Structure formats: C-alpha cells, structure tokens
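Here's run_39.txt, which has compact mmCIF, C-alpha atoms and all ligand atoms:
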# COMPACT_ATOMS: atom_id res chain seq x y z
CA MET A 1 0.00 0.00 0.00
CA LYS A 2 1.23 3.46 -0.84
CA LYS A 3 1.86 6.03 1.87
CA LEU A 4 0.78 9.67 2.03
CA LEU A 5 2.82 11.61 4.57
CA PHE A 6 0.90 14.54 6.05
CA VAL A 7 3.33 17.03 7.58
CA ASN A 8 0.87 19.02 9.63
CA SER A 9 2.38 22.16 11.14
CA CYS A 10 -1.04 23.69 11.81
CA VAL A 11 -0.42 24.80 15.36
CA ARG A 12 -4.06 25.78 16.01
CA GLY A 13 -5.29 22.23 15.47
CA GLU A 14 -8.99 21.90 14.77
CA ALA A 15 -9.37 25.72 14.65
CA SER A 16 -6.86 25.92 11.78
CA ARG A 17 -8.18 26.89 8.35
CA THR A 18 -5.03 25.46 6.79
CA GLN A 19 -5.73 22.10 8.40
CA GLU A 20 -9.30 22.21 7.07
CA LEU A 21 -7.94 22.59 3.53
CA CYS A 22 -5.43 19.79 4.12
CA ARG A 23 -8.13 17.39 5.28
CA PHE A 24 -10.22 18.29 2.22
CA TYR A 25 -7.20 17.61 -0.02
CA ILE A 26 -6.25 14.31 1.65
CA ASP A 27 -9.82 12.94 1.70
CA GLY A 28 -10.23 13.89 -1.98
CA PHE A 29 -6.86 12.45 -2.94
CA ILE A 30 -7.49 9.10 -1.26
CA LYS A 31 -10.99 8.87 -2.72
CA SER A 32 -9.91 9.66 -6.28
CA GLN A 33 -6.92 7.32 -6.10
CA LYS A 34 -9.19 4.56 -4.79
CA GLU A 35 -11.51 5.04 -7.75
CA HIS A 36 -8.50 4.22 -9.91
CA GLY A 37 -7.70 1.10 -7.90
CA LEU A 38 -4.87 2.60 -5.84
CA GLU A 39 -4.96 2.14 -2.06
CA TRP A 40 -3.27 4.68 0.18
CA GLU A 41 -2.63 4.95 3.88
CA THR A 42 -1.92 8.24 5.67
CA GLU A 43 0.81 8.86 8.19
CA GLU A 44 0.58 12.18 10.01
CA VAL A 45 3.35 14.17 11.64
CA THR A 46 1.37 16.39 13.99
CA ALA A 47 2.32 19.85 15.20
CA ALA A 48 2.79 18.32 18.66
CA ILE A 49 5.31 15.79 17.31
CA MET A 50 7.16 18.51 15.42
CA GLY A 51 7.09 20.72 18.50
CA SER A 52 8.82 18.02 20.51
CA LEU A 53 11.81 18.02 18.13
CA LYS A 54 14.80 20.22 18.97
CA PRO A 55 16.83 22.16 16.44
CA LEU A 56 20.22 20.49 15.94
CA ASP A 57 22.68 21.66 18.59
CA ARG A 58 26.45 21.31 18.64
CA ALA A 59 26.59 18.00 20.53
CA GLU A 60 24.02 16.39 18.26
CA LEU A 61 25.67 17.76 15.16
CA GLU A 62 29.00 16.23 16.22
CA LEU A 63 27.33 12.87 16.89
CA ARG A 64 25.54 13.08 13.55
CA GLU A 65 28.81 13.78 11.70
CA LYS A 66 30.42 10.79 13.40
CA LEU A 67 27.54 8.46 12.49
CA LEU A 68 27.36 9.75 8.90
CA SER A 69 31.08 9.18 8.40
CA LYS A 70 30.52 5.52 9.38
CA GLY A 71 27.37 5.23 7.26
CA ASP A 72 25.47 4.30 10.42
CA PHE A 73 21.86 5.48 10.11
CA SER A 74 20.44 3.36 12.93
CA HIS A 75 20.18 6.23 15.45
CA GLY A 76 16.73 7.71 16.16
CA MET A 77 17.94 11.11 14.97
CA PHE A 78 17.54 9.80 11.41
CA ASN A 79 13.90 8.76 11.81
CA GLN A 80 12.46 11.87 10.15
CA ALA A 81 14.77 11.49 7.13
CA LYS A 82 13.75 7.84 6.75
CA GLN A 83 10.09 8.80 7.09
CA ILE A 84 10.22 11.38 4.31
CA ILE A 85 12.22 9.14 1.96
CA GLU A 86 9.69 6.34 2.25
CA ALA A 87 6.59 8.45 1.55
CA ASP A 88 4.96 8.15 -1.88
CA HIS A 89 3.20 11.51 -1.63
CA ILE A 90 3.83 14.39 0.78
CA VAL A 91 1.34 17.02 1.88
CA ILE A 92 2.61 19.94 3.93
CA GLY A 93 0.08 22.01 5.83
CA ALA A 94 1.64 25.26 6.97
CA PRO A 95 -0.07 28.48 8.05
CA TYR A 96 1.66 31.57 6.68
CA TRP A 97 3.64 32.86 9.64
CA ASP A 98 6.08 35.74 9.45
CA LEU A 99 6.23 35.51 5.66
CA GLN A 100 7.06 31.83 5.84
CA PHE A 101 5.77 29.07 8.16
CA PRO A 102 5.95 27.99 11.82
CA ALA A 103 9.43 27.28 13.18
CA ILE A 104 8.43 23.71 14.12
CA LEU A 105 8.28 22.91 10.40
CA LYS A 106 11.83 24.18 9.89
CA THR A 107 13.04 21.98 12.73
CA TYR A 108 11.31 18.96 11.22
CA LEU A 109 12.79 19.65 7.78
CA GLU A 110 16.24 20.20 9.27
CA ARG A 111 16.00 16.67 10.60
CA CYS A 112 14.79 15.33 7.26
CA SER A 113 17.74 16.78 5.41
CA VAL A 114 20.53 14.23 5.83
CA THR A 115 23.40 13.64 3.40
CA GLY A 116 23.48 9.96 2.57
CA LEU A 117 19.76 9.50 3.20
CA THR A 118 17.58 12.20 1.64
CA PHE A 119 20.23 13.02 -0.93
CA VAL A 120 23.66 11.77 -1.96
CA TYR A 121 26.53 13.44 -3.77
CA ASP A 122 28.06 11.84 -6.86
CA GLU A 123 31.79 11.89 -7.64
CA ASN A 124 31.40 15.34 -9.22
CA GLY A 125 29.80 16.79 -6.10
CA VAL A 126 26.36 16.94 -7.67
CA PRO A 127 23.53 16.09 -5.25
CA HIS A 128 20.91 13.49 -6.15
CA GLY A 129 17.64 13.24 -4.25
CA LYS A 130 16.59 9.94 -2.74
CA CYS A 131 12.94 10.60 -1.89
CA ARG A 132 10.49 8.14 -3.38
CA ALA A 133 7.69 10.74 -3.64
CA HIS A 134 7.03 12.20 -7.04
CA TRP A 135 4.50 14.75 -5.72
CA LEU A 136 4.50 17.26 -2.90
CA THR A 137 1.58 19.58 -2.23
CA TYR A 138 2.00 22.64 -0.01
CA ILE A 139 -1.12 24.12 1.53
CA THR A 140 -1.27 27.42 3.39
CA THR A 141 -3.62 30.15 4.55
CA SER A 142 -2.67 33.73 5.35
CA GLY A 143 -3.99 36.77 7.13
CA GLY A 144 -3.15 39.14 4.26
CA PRO A 145 -2.06 38.68 0.64
CA ILE A 146 1.11 36.64 0.03
CA ASP A 147 1.98 38.23 -3.33
CA ASP A 148 5.66 37.73 -4.20
CA MET A 149 6.64 36.91 -0.62
CA ASN A 150 5.93 33.22 -0.84
CA PHE A 151 9.15 32.37 0.98
CA GLY A 152 7.80 29.23 2.66
CA TYR A 153 6.77 27.56 -0.57
CA ASP A 154 9.85 28.84 -2.44
CA TYR A 155 12.04 27.24 0.22
CA ILE A 156 10.10 23.96 0.00
CA CYS A 157 10.56 23.95 -3.80
CA GLY A 158 14.31 24.33 -3.26
CA LEU A 159 14.33 21.41 -0.84
CA CYS A 160 12.27 19.30 -3.26
CA GLY A 161 14.98 19.88 -5.88
CA LEU A 162 17.56 18.60 -3.43
CA PHE A 163 15.43 15.69 -2.21
CA GLY A 164 14.47 14.53 -5.73
CA ILE A 165 10.75 15.38 -5.58
CA ASP A 166 10.00 16.73 -9.02
CA GLU A 167 6.36 17.86 -8.98
CA THR A 168 5.10 20.40 -6.47
CA HIS A 169 1.69 22.02 -6.08
CA PHE A 170 0.64 25.08 -4.12
CA VAL A 171 -2.73 25.93 -2.62
CA SER A 172 -3.52 29.02 -0.56
CA ALA A 173 -6.48 30.81 0.95
CA GLU A 174 -5.27 34.37 1.45
CA SER A 175 -6.37 37.59 3.18
CA LEU A 176 -8.50 35.66 5.66
CA ASP A 177 -7.83 38.13 8.51
CA ILE A 178 -8.61 41.31 6.62
CA VAL A 179 -11.73 42.98 7.94
CA GLY A 180 -14.51 42.55 5.39
CA SER A 181 -12.98 39.50 3.71
CA ASN A 182 -15.49 36.88 2.67
CA VAL A 183 -13.78 33.97 4.42
CA PRO A 184 -16.19 31.19 3.36
CA GLU A 185 -15.88 32.31 -0.26
CA ILE A 186 -12.05 32.41 -0.16
CA MET A 187 -11.95 28.97 1.46
CA GLU A 188 -14.33 27.64 -1.18
CA GLU A 189 -12.09 29.00 -3.96
CA ALA A 190 -9.13 27.18 -2.40
CA LYS A 191 -11.15 23.96 -2.36
CA VAL A 192 -11.96 24.42 -6.06
CA LYS A 193 -8.21 24.76 -6.72
CA ILE A 194 -7.60 21.57 -4.72
CA THR A 195 -10.20 19.73 -6.78
CA GLU A 196 -8.44 20.89 -9.97
CA ILE A 197 -5.06 19.64 -8.70
CA LEU A 198 -6.58 16.29 -7.76
CA LYS A 199 -8.09 16.03 -11.24
CA GLN A 200 -4.64 16.54 -12.76
CA MET A 201 -3.30 13.71 -10.61
CA GLU A 202 -6.19 11.33 -11.22
CA GLY A 203 -5.17 8.04 -12.69
CA ARG A 204 -1.49 8.96 -12.70
CA GLN A 205 1.06 6.96 -10.80
CA SER A 206 2.80 8.76 -7.93
CA GLU A 207 6.26 7.72 -9.13
C1 LIG A 301 2.61 33.85 14.64
C2 LIG A 301 1.81 34.33 13.46
C3 LIG A 301 2.42 34.96 12.39
C4 LIG A 301 1.68 35.40 11.29
N1 LIG A 301 2.33 36.03 10.27
C5 LIG A 301 1.61 36.45 9.20
C6 LIG A 301 2.25 37.12 8.12
O1 LIG A 301 3.47 37.33 8.09
N2 LIG A 301 1.49 37.52 7.07
C7 LIG A 301 0.13 37.30 7.02
O2 LIG A 301 -0.51 37.66 6.03
N3 LIG A 301 -0.50 36.65 8.04
C8 LIG A 301 0.20 36.24 9.13
N4 LIG A 301 -0.43 35.60 10.15
C9 LIG A 301 -1.87 35.29 10.03
C10 LIG A 301 -2.09 33.85 9.56
O3 LIG A 301 -1.36 33.58 8.38
C11 LIG A 301 -3.54 33.54 9.29
O4 LIG A 301 -4.35 33.84 10.39
C12 LIG A 301 -3.71 32.07 8.89
O5 LIG A 301 -4.94 31.85 8.28
C13 LIG A 301 -3.55 31.16 10.11
O6 LIG A 301 -3.73 29.85 9.69
P1 LIG A 301 -4.57 28.77 10.54
O7 LIG A 301 -6.01 29.21 10.57
O8 LIG A 301 -4.34 27.52 9.79
O9 LIG A 301 -3.96 28.75 11.91
C14 LIG A 301 0.28 35.17 11.27
C15 LIG A 301 -0.35 34.54 12.33
C16 LIG A 301 0.40 34.11 13.43
C17 LIG A 301 -0.30 33.43 14.58
Just give me the structure of the file as structure tokens.
Amino acid sequence: MKKLLFVNSCVRGEASRTQELCRFYIDGFIKSQKEHGLEWETEEVTAAIMGSLKPLDRAELELREKLLSKGDFSHGMFNQAKQIIEADHIVIGAPYWDLQFPAILKTYLERCSVTGLTFVYDENGVPHGKCRAHWLTYITTSGGPIDDMNFGYDYICGLCGLFGIDETHFVSAESLDIVGSNVPEIMEEAKVKITEILKQMEGRQSE
C-alpha cells in the first residue's frame, strides 16, 4: 500500500483553516486514487510531534557527523529522514507565519535533510535526491495577501529539488484576517483549486 505523509504544522489544530484545507485535499486524494484502484494509507506528523523536536545543537551535530562518516543510520535522529524518503506523496500544511511558516516545520525539515539518506553526492559533487515521492503539495492560509513573498513555498521547492521530488503544487487561501474578507468564499475558492489539482493527478502513478 502506498503512503501519504501529512506534515501538519497547523499549530491551532482543529481551529486551523489550513488544516481544514489539508483534510479536504487528503480525503479527496485518497478517494480519487481509490476510484483508480490505488490504495493509500496516511501517516501524520502532527504539530505536537514537530514541536517536541529540537533544532540540531552542537553535541548532536557532532554525533551526527560521526555516524554519517561511518554510514550508520540506525540512530533515532535519522527517523524523520527515513520517514520522508519512504513516503509516496507528501502534503505539507503550513499556516503563513512571518512571511514563511511555523518554526516547528523548519526543525522537522532540518532533521529530514541528511546527506546519505535524503540526498547523496556523486563523484562530481552533484547532489541526487533519494525521496520516493514524485508529488508534494504545499497548503497554506494567510492573514493578508502573500503576493511575491511566498518564501515558505519557495524554500520547500528548493528542498524538493535537493530531495528529488519533481512535482510540487501550491494551494492558498489568502487575506483571511482582513476585515470585510469573505472567508467562506475564499476557502471555497481554495477547495476548487484543490479539486483541480486532484483532477490533474487522477489516474497517474505517484512515481
Ligand atoms: C505567529 C503568526 C504569524 C503570522 N504572520 C503572518 C504574516 O506574516 N502575514 C500574514 O498575512 N498573516 C500572518 N499571520 C496570520 C495567519 O497567516 C492567518 O491567520 C492564517 O490563516 C492562520 O492559519 P490557521 O487558521 O491555519 O492557523 C500570522 C499569524 C500568526 C499566529
């Protein structure tokens, strides 16, 4: 069975509009894939799990270097990297915070990014991604307009290049906190966009 990894950095939990869009996406994705005979299971990395991770400090970095030089990936510090490599499709839910996303997501991604696991260098020093996933979808909502300051998604696209994930999709519901905004209508528009993305994926293999 194929695995969808839901990286859910929606700190506000059930109150989160971003999470609402993610659930809509995931339910629709699994349903449409099932209609084409493909079974998927979902693994979720919750905001609480991400919040329990620490940014790499000096001691851990030194241990990591030592283990990497021996090619020993058995330590628990490599669990997030293994998790992201093994996913067939990745969905990131990330509210637009400070022009990017919550810090817990950065900490999680820092732990996913491991030379020798998520990517390897060839003899010419060129990195090659090792992630199995062909698709990554990034879903966000924001208080105001994002315009050309889509730094969170831009960063994720850069990482996807490194990790070997070659098709990314972006969904946003913007300006939700502006007085007078028609929030239900903006959310509905985002759901229409999600439905269009799912249509594009329908019947296609994830790798
Ligand atoms: C810590 C924090 C930082 C935020 N930074 C921004 C920002 O830089 N730009 C913006 O338009 N909205 C910003 N917002 C508003 C959120 O993007 C907006 O309320 C979003 O819909 C929250 O998503 P959620 O409902 O999934 O929690 C911020 C909100 C919080 C709590």
Which residues of region 112-174 of chain A sit at most 6 Å from region 74-88 of chain A, using all atoms listed in the file? Give each one's shortest atom pair and distance in Å (one decimal place), in chain and ascending residue order, as JSON lines.
{"residue": "A:Cys112", "atom": "CA", "partner": "A:Ala81", "partner_atom": "CA", "distance": 3.8}
{"residue": "A:Cys131", "atom": "CA", "partner": "A:Ile85", "partner_atom": "CA", "distance": 4.2}
{"residue": "A:Arg132", "atom": "CA", "partner": "A:Ile85", "partner_atom": "CA", "distance": 5.7}
{"residue": "A:Ala133", "atom": "CA", "partner": "A:Asp88", "partner_atom": "CA", "distance": 4.2}
Report as AutoDock Vina command-line options the centre and the edge lengths, in Å to one decimal, of the axis-aligned box holding every listed atom of region 71-81 of chain A, padded by 5 Å on each side.
--center_x 19.9 --center_y 7.6 --center_z 11.6 --size_x 24.9 --size_y 18.5 --size_z 19.0
Selection as a PDB file with C-alpha atoms, in the frame of the given file: residues within 9 Å of ligand LIG 301 (chain A) by all atoms listed in the file:
ATOM      1  CA  SER A   9       2.380  22.160  11.140  1.00  0.00           C
ATOM      2  CA  CYS A  10      -1.040  23.690  11.810  1.00  0.00           C
ATOM      3  CA  VAL A  11      -0.420  24.800  15.360  1.00  0.00           C
ATOM      4  CA  ARG A  12      -4.060  25.780  16.010  1.00  0.00           C
ATOM      5  CA  GLY A  13      -5.290  22.230  15.470  1.00  0.00           C
ATOM      6  CA  GLU A  14      -8.990  21.900  14.770  1.00  0.00           C
ATOM      7  CA  ALA A  15      -9.370  25.720  14.650  1.00  0.00           C
ATOM      8  CA  SER A  16      -6.860  25.920  11.780  1.00  0.00           C
ATOM      9  CA  ARG A  17      -8.180  26.890   8.350  1.00  0.00           C
ATOM     10  CA  THR A  18      -5.030  25.460   6.790  1.00  0.00           C
ATOM     11  CA  GLN A  19      -5.730  22.100   8.400  1.00  0.00           C
ATOM     12  CA  GLU A  20      -9.300  22.210   7.070  1.00  0.00           C
ATOM     13  CA  LEU A  21      -7.940  22.590   3.530  1.00  0.00           C
ATOM     14  CA  GLY A  93       0.080  22.010   5.830  1.00  0.00           C
ATOM     15  CA  ALA A  94       1.640  25.260   6.970  1.00  0.00           C
ATOM     16  CA  PRO A  95      -0.070  28.480   8.050  1.00  0.00           C
ATOM     17  CA  TYR A  96       1.660  31.570   6.680  1.00  0.00           C
ATOM     18  CA  TRP A  97       3.640  32.860   9.640  1.00  0.00           C
ATOM     19  CA  ASP A  98       6.080  35.740   9.450  1.00  0.00           C
ATOM     20  CA  LEU A  99       6.230  35.510   5.660  1.00  0.00           C
ATOM     21  CA  GLN A 100       7.060  31.830   5.840  1.00  0.00           C
ATOM     22  CA  PHE A 101       5.770  29.070   8.160  1.00  0.00           C
ATOM     23  CA  PRO A 102       5.950  27.990  11.820  1.00  0.00           C
ATOM     24  CA  THR A 140      -1.270  27.420   3.390  1.00  0.00           C
ATOM     25  CA  THR A 141      -3.620  30.150   4.550  1.00  0.00           C
ATOM     26  CA  SER A 142      -2.670  33.730   5.350  1.00  0.00           C
ATOM     27  CA  GLY A 143      -3.990  36.770   7.130  1.00  0.00           C
ATOM     28  CA  GLY A 144      -3.150  39.140   4.260  1.00  0.00           C
ATOM     29  CA  PRO A 145      -2.060  38.680   0.640  1.00  0.00           C
ATOM     30  CA  ILE A 146       1.110  36.640   0.030  1.00  0.00           C
ATOM     31  CA  ALA A 173      -6.480  30.810   0.950  1.00  0.00           C
ATOM     32  CA  GLU A 174      -5.270  34.370   1.450  1.00  0.00           C
ATOM     33  CA  SER A 175      -6.370  37.590   3.180  1.00  0.00           C
ATOM     34  CA  LEU A 176      -8.500  35.660   5.660  1.00  0.00           C
ATOM     35  CA  ASP A 177      -7.830  38.130   8.510  1.00  0.00           C
ATOM     36  CA  ILE A 178      -8.610  41.310   6.620  1.00  0.00           C
TER      37      ILE A 178
END
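Minimum atom-to-atom distances from A:Tyr108, A:Phe163, A:Phe73, A:Tyr155 to Pro127 (chain A) were compared using only C-alpha atoms, and the lowest value belongs to A:Phe163.
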Quick one: distance from CA of Asp57 (chain A) to CA of Thr115 (chain A) in Å, one decimal?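 Here the two named atoms are 17.2 Å from each other.
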Could you produce a table of the residues of region 60-170 of chain A lying within 7 Å of region 45-56 of chain A, with the nearest pair of atoms per residue and their separation in Å rounded to one decimal, using only C-alpha atoms, ordered by chain and increasing residue number, as a tab-separated table?
residue	atom	partner	partner_atom	distance
A:Glu60	CA	A:Leu56	CA	6.1
A:Leu61	CA	A:Leu56	CA	6.1
A:Ile104	CA	A:Gly51	CA	5.5
A:Leu105	CA	A:Met50	CA	6.8
A:Thr107	CA	A:Pro55	CA	5.3
A:Tyr108	CA	A:Met50	CA	5.9
